[in-house]
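**Q** Okay, so here is query_33.pdb, and as you'll see once you scroll down, it has PDB, C-alpha atoms, pLDDT in the B column.
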ATOM      1  CA  MET A  10     102.139 -75.748 -15.690  1.00 67.00           C
ATOM      2  CA  SER A  11     104.442 -75.151 -18.562  1.00 85.00           C
ATOM      3  CA  ALA A  12     104.010 -72.477 -21.199  1.00 85.00           C
ATOM      4  CA  LYS A  13     103.222 -75.110 -23.815  1.00 85.00           C
ATOM      5  CA  THR A  14     100.382 -76.517 -21.684  1.00 89.00           C
ATOM      6  CA  GLU A  15      98.961 -73.035 -21.169  1.00 88.00           C
ATOM      7  CA  LEU A  16      99.121 -72.354 -24.897  1.00 87.00           C
ATOM      8  CA  LEU A  17      97.356 -75.603 -25.732  1.00 86.00           C
ATOM      9  CA  LYS A  18      94.706 -74.901 -23.102  1.00 88.00           C
ATOM     10  CA  GLU A  19      94.139 -71.426 -24.537  1.00 88.00           C
ATOM     11  CA  LEU A  20      93.871 -72.805 -28.085  1.00 86.00           C
ATOM     12  CA  TYR A  21      91.400 -75.454 -26.906  1.00 87.00           C
ATOM     13  CA  PHE A  22      89.090 -72.919 -25.282  1.00 87.00           C
ATOM     14  CA  HIS A  23      89.411 -70.628 -28.300  1.00 88.00           C
ATOM     15  CA  GLU A  24      88.233 -73.491 -30.541  1.00 84.00           C
ATOM     16  CA  LEU A  25      85.277 -74.163 -28.227  1.00 83.00           C
ATOM     17  CA  ASP A  26      84.263 -70.480 -28.382  1.00 85.00           C
ATOM     18  CA  ARG A  27      84.627 -70.492 -32.157  1.00 82.00           C
ATOM     19  CA  LYS A  28      82.467 -73.608 -32.449  1.00 77.00           C
ATOM     20  CA  LYS A  29      79.725 -72.006 -30.330  1.00 80.00           C
ATOM     21  CA  SER A  30      79.799 -68.847 -32.424  1.00 79.00           C
ATOM     22  CA  LEU A  31      79.571 -70.856 -35.653  1.00 72.00           C
ATOM     23  CA  GLU A  32      76.576 -72.775 -34.330  1.00 72.00           C
ATOM     24  CA  SER A  33      74.788 -69.584 -33.300  1.00 77.00           C
ATOM     25  CA  MET A  34      75.328 -67.983 -36.735  1.00 79.00           C
ATOM     26  CA  PHE A  35      72.669 -70.227 -38.260  1.00 76.00           C
ATOM     27  CA  ALA A  36      69.804 -69.094 -36.028  1.00 79.00           C
ATOM     28  CA  LEU A  37      68.881 -66.115 -38.216  1.00 81.00           C
ATOM     29  CA  PRO A  38      68.913 -67.873 -41.637  1.00 80.00           C
ATOM     30  CA  ILE A  39      66.928 -70.811 -40.277  1.00 79.00           C
ATOM     31  CA  GLY A  40      64.410 -68.438 -38.702  1.00 83.00           C
ATOM     32  CA  ILE A  41      64.044 -66.527 -41.973  1.00 83.00           C
ATOM     33  CA  VAL A  42      63.504 -69.738 -43.973  1.00 81.00           C
ATOM     34  CA  ALA A  43      60.896 -70.957 -41.473  1.00 84.00           C
ATOM     35  CA  GLY A  44      59.130 -67.575 -41.560  1.00 87.00           C
ATOM     36  CA  LEU A  45      59.040 -67.589 -45.359  1.00 84.00           C
ATOM     37  CA  PHE A  46      57.541 -71.088 -45.384  1.00 83.00           C
ATOM     38  CA  GLY A  47      54.815 -69.775 -43.086  1.00 87.00           C
ATOM     39  CA  LEU A  48      54.272 -66.736 -45.293  1.00 85.00           C
ATOM     40  CA  ILE A  49      53.866 -68.890 -48.413  1.00 82.00           C
ATOM     41  CA  GLY A  50      51.425 -71.125 -46.548  1.00 83.00           C
ATOM     42  CA  TYR A  51      49.459 -68.037 -45.517  1.00 86.00           C
ATOM     43  CA  TYR A  52      49.322 -66.812 -49.119  1.00 81.00           C
ATOM     44  CA  PHE A  53      48.063 -70.202 -50.280  1.00 79.00           C
ATOM     45  CA  THR A  54      45.219 -70.177 -47.767  1.00 84.00           C
ATOM     46  CA  LYS A  55      44.199 -66.547 -48.374  1.00 82.00           C
ATOM     47  CA  PHE A  56      44.491 -66.366 -52.174  1.00 77.00           C
ATOM     48  CA  ASN A  57      41.173 -65.693 -53.901  1.00 74.00           C
ATOM     49  CA  PHE A  58      40.790 -68.159 -56.779  1.00 70.00           C
ATOM     50  CA  ASN A  59      37.279 -66.883 -57.588  1.00 71.00           C
ATOM     51  CA  LEU A  60      38.335 -64.048 -59.903  1.00 67.00           C
ATOM     52  CA  GLN A  61      36.136 -63.247 -62.899  1.00 71.00           C
ATOM     53  CA  GLY A  62      36.917 -62.221 -66.427  1.00 69.00           C
ATOM     54  CA  PHE A  63      40.108 -62.112 -68.436  1.00 65.00           C
ATOM     55  CA  PHE A  64      42.446 -61.786 -65.475  1.00 67.00           C
ATOM     56  CA  GLN A  65      41.229 -64.972 -63.800  1.00 70.00           C
ATOM     57  CA  TYR A  66      43.326 -67.468 -65.752  1.00 72.00           C
ATOM     58  CA  ASN A  67      46.397 -65.245 -66.117  1.00 75.00           C
ATOM     59  CA  PHE A  68      46.509 -64.186 -62.481  1.00 77.00           C
ATOM     60  CA  GLU A  69      45.986 -67.706 -61.159  1.00 78.00           C
ATOM     61  CA  LEU A  70      48.686 -69.041 -63.464  1.00 81.00           C
ATOM     62  CA  LEU A  71      51.076 -66.280 -62.411  1.00 81.00           C
ATOM     63  CA  PHE A  72      50.351 -66.925 -58.730  1.00 81.00           C
ATOM     64  CA  LEU A  73      50.876 -70.667 -59.037  1.00 83.00           C
ATOM     65  CA  PHE A  74      54.108 -70.199 -61.013  1.00 87.00           C
ATOM     66  CA  ALA A  75      55.473 -67.739 -58.432  1.00 85.00           C
ATOM     67  CA  ALA A  76      54.428 -70.047 -55.596  1.00 84.00           C
ATOM     68  CA  VAL A  77      56.160 -73.060 -57.146  1.00 87.00           C
ATOM     69  CA  VAL A  78      59.339 -71.087 -57.815  1.00 88.00           C
ATOM     70  CA  SER A  79      59.382 -69.670 -54.271  1.00 86.00           C
ATOM     71  CA  VAL A  80      58.789 -73.080 -52.688  1.00 85.00           C
ATOM     72  CA  LEU A  81      61.600 -74.600 -54.759  1.00 90.00           C
ATOM     73  CA  ALA A  82      63.939 -71.755 -53.803  1.00 87.00           C
ATOM     74  CA  LEU A  83      63.031 -72.162 -50.133  1.00 85.00           C
ATOM     75  CA  LEU A  84      63.575 -75.909 -50.262  1.00 87.00           C
ATOM     76  CA  LEU A  85      66.972 -75.342 -51.828  1.00 88.00           C
ATOM     77  CA  SER A  86      67.921 -72.772 -49.203  1.00 84.00           C
ATOM     78  CA  ALA A  87      66.694 -75.065 -46.411  1.00 82.00           C
ATOM     79  CA  TYR A  88      68.854 -77.842 -47.859  1.00 86.00           C
ATOM     80  CA  TRP A  89      71.935 -75.617 -47.912  1.00 83.00           C
ATOM     81  CA  CYS A  90      71.244 -74.374 -44.367  1.00 78.00           C
ATOM     82  CA  ALA A  91      70.951 -77.971 -43.164  1.00 80.00           C
ATOM     83  CA  ARG A  92      74.190 -78.901 -44.915  1.00 80.00           C
ATOM     84  CA  ALA A  93      75.952 -75.949 -43.334  1.00 76.00           C
ATOM     85  CA  VAL A  94      74.720 -76.860 -39.847  1.00 73.00           C
ATOM     86  CA  ILE A  95      75.331 -80.594 -40.122  1.00 79.00           C
ATOM     87  CA  GLY A  96      78.601 -80.307 -42.000  1.00 69.00           C
ATOM     88  CA  SER A  97      79.830 -82.236 -44.949  1.00 63.00           C
ATOM     89  CA  GLU A  98      82.276 -85.010 -45.610  1.00 63.00           C
ATOM     90  CA  TYR A  99      85.170 -84.363 -47.925  1.00 57.00           C
ATOM     91  CA  GLU A 100      85.238 -87.732 -49.620  1.00 63.00           C
ATOM     92  CA  HIS A 101      87.644 -86.858 -52.387  1.00 66.00           C
ATOM     93  CA  LEU A 102      90.412 -85.454 -50.200  1.00 59.00           C
ATOM     94  CA  PRO A 103      93.044 -87.934 -49.121  1.00 66.00           C
ATOM     95  CA  ALA A 104      93.573 -88.548 -45.425  1.00 67.00           C
ATOM     96  CA  PRO A 105      96.637 -86.831 -43.978  1.00 68.00           C
ATOM     97  CA  LYS A 106      99.694 -89.003 -43.506  1.00 75.00           C
ATOM     98  CA  ARG A 107     101.738 -88.825 -40.342  1.00 64.00           C
TER      99      ARG A 107
END
Would you encode the structure as structure tokens?
**A**
Amino acid sequence: MSAKTELLKELYFHELDRKKSLESMFALPIGIVAGLFGLIGYYFTKFNFNLQGFFQYNFELLFLFAAVVSVLALLLSAYWCARAVIGSEYEHLPAPKR
């Protein structure tokens, strides 16, 4: 085999290794997002809404506000993780000309 063929073969296998490493990078963020969804679900099931007195309304309102904000942030992060894994199309870039 010629030197050019060996170089192309080496570049090909390097790209395959790089692709595998990029795919494995997303395991931790996706696991964290899934764990946080479970944690929020746990908080929703275990929260005591039967508080008495002045703190009842304020604490419930604060909890619901924090829960809504955290769910929205998690949905946004799940969206960006999915976009990073799936990839995106660059629609506004022109195709290369030969």
**Q** Where does region 29-53 of chain A meet region 75-96 of chain A within 8 Å, residue by residue, with the nearest atom pair and distance in Å to one decimal for each, counting all atoms listed in the file, listed by chain and rising number, as a Markdown table?
**A**
| residue | atom | partner | partner_atom | distance |
| --- | --- | --- | --- | --- |
| A:Glu32 | CA | A:Val94 | CA | 7.1 |
| A:Phe35 | CA | A:Val94 | CA | 7.1 |
| A:Pro38 | CA | A:Cys90 | CA | 7.4 |
| A:Ile39 | CA | A:Cys90 | CA | 6.9 |
| A:Val42 | CA | A:Leu83 | CA | 6.6 |
| A:Leu45 | CA | A:Leu83 | CA | 7.7 |
| A:Phe46 | CA | A:Leu83 | CA | 7.3 |
| A:Ile49 | CA | A:Ala76 | CA | 7.3 |
**Q** Just to confirm, what's the straight-line distance from CA of Leu71 (chain A) to CA of Asn59 (chain A) in Å (one decimal)?
**A** 14.6 Å
**Q** Tell me, in Å to one decimal, how far CA of Phe74 (chain A) is from CA of Tyr52 (chain A).
**A**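 Computing it gives 13.3 Å between the two atoms.
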**Q** Just to confirm, what's the straight-line distance from CA of Tyr51 (chain A) to CA of Phe72 (chain A) in Å (one decimal)?
**A**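 CA of Tyr51 (chain A) sits 13.3 Å away from CA of Phe72 (chain A).
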**Q** Return as JSON the centre and edge lengths, in Å with one decimal, of the box along x, y and z that encloses every atom of region 76-86 of chain A in the file, padded by 4 Å per side.
**A**
{"center_x": 61.2, "center_y": -72.8, "center_z": -53.5, "size_x": 21.5, "size_y": 14.2, "size_z": 16.6}
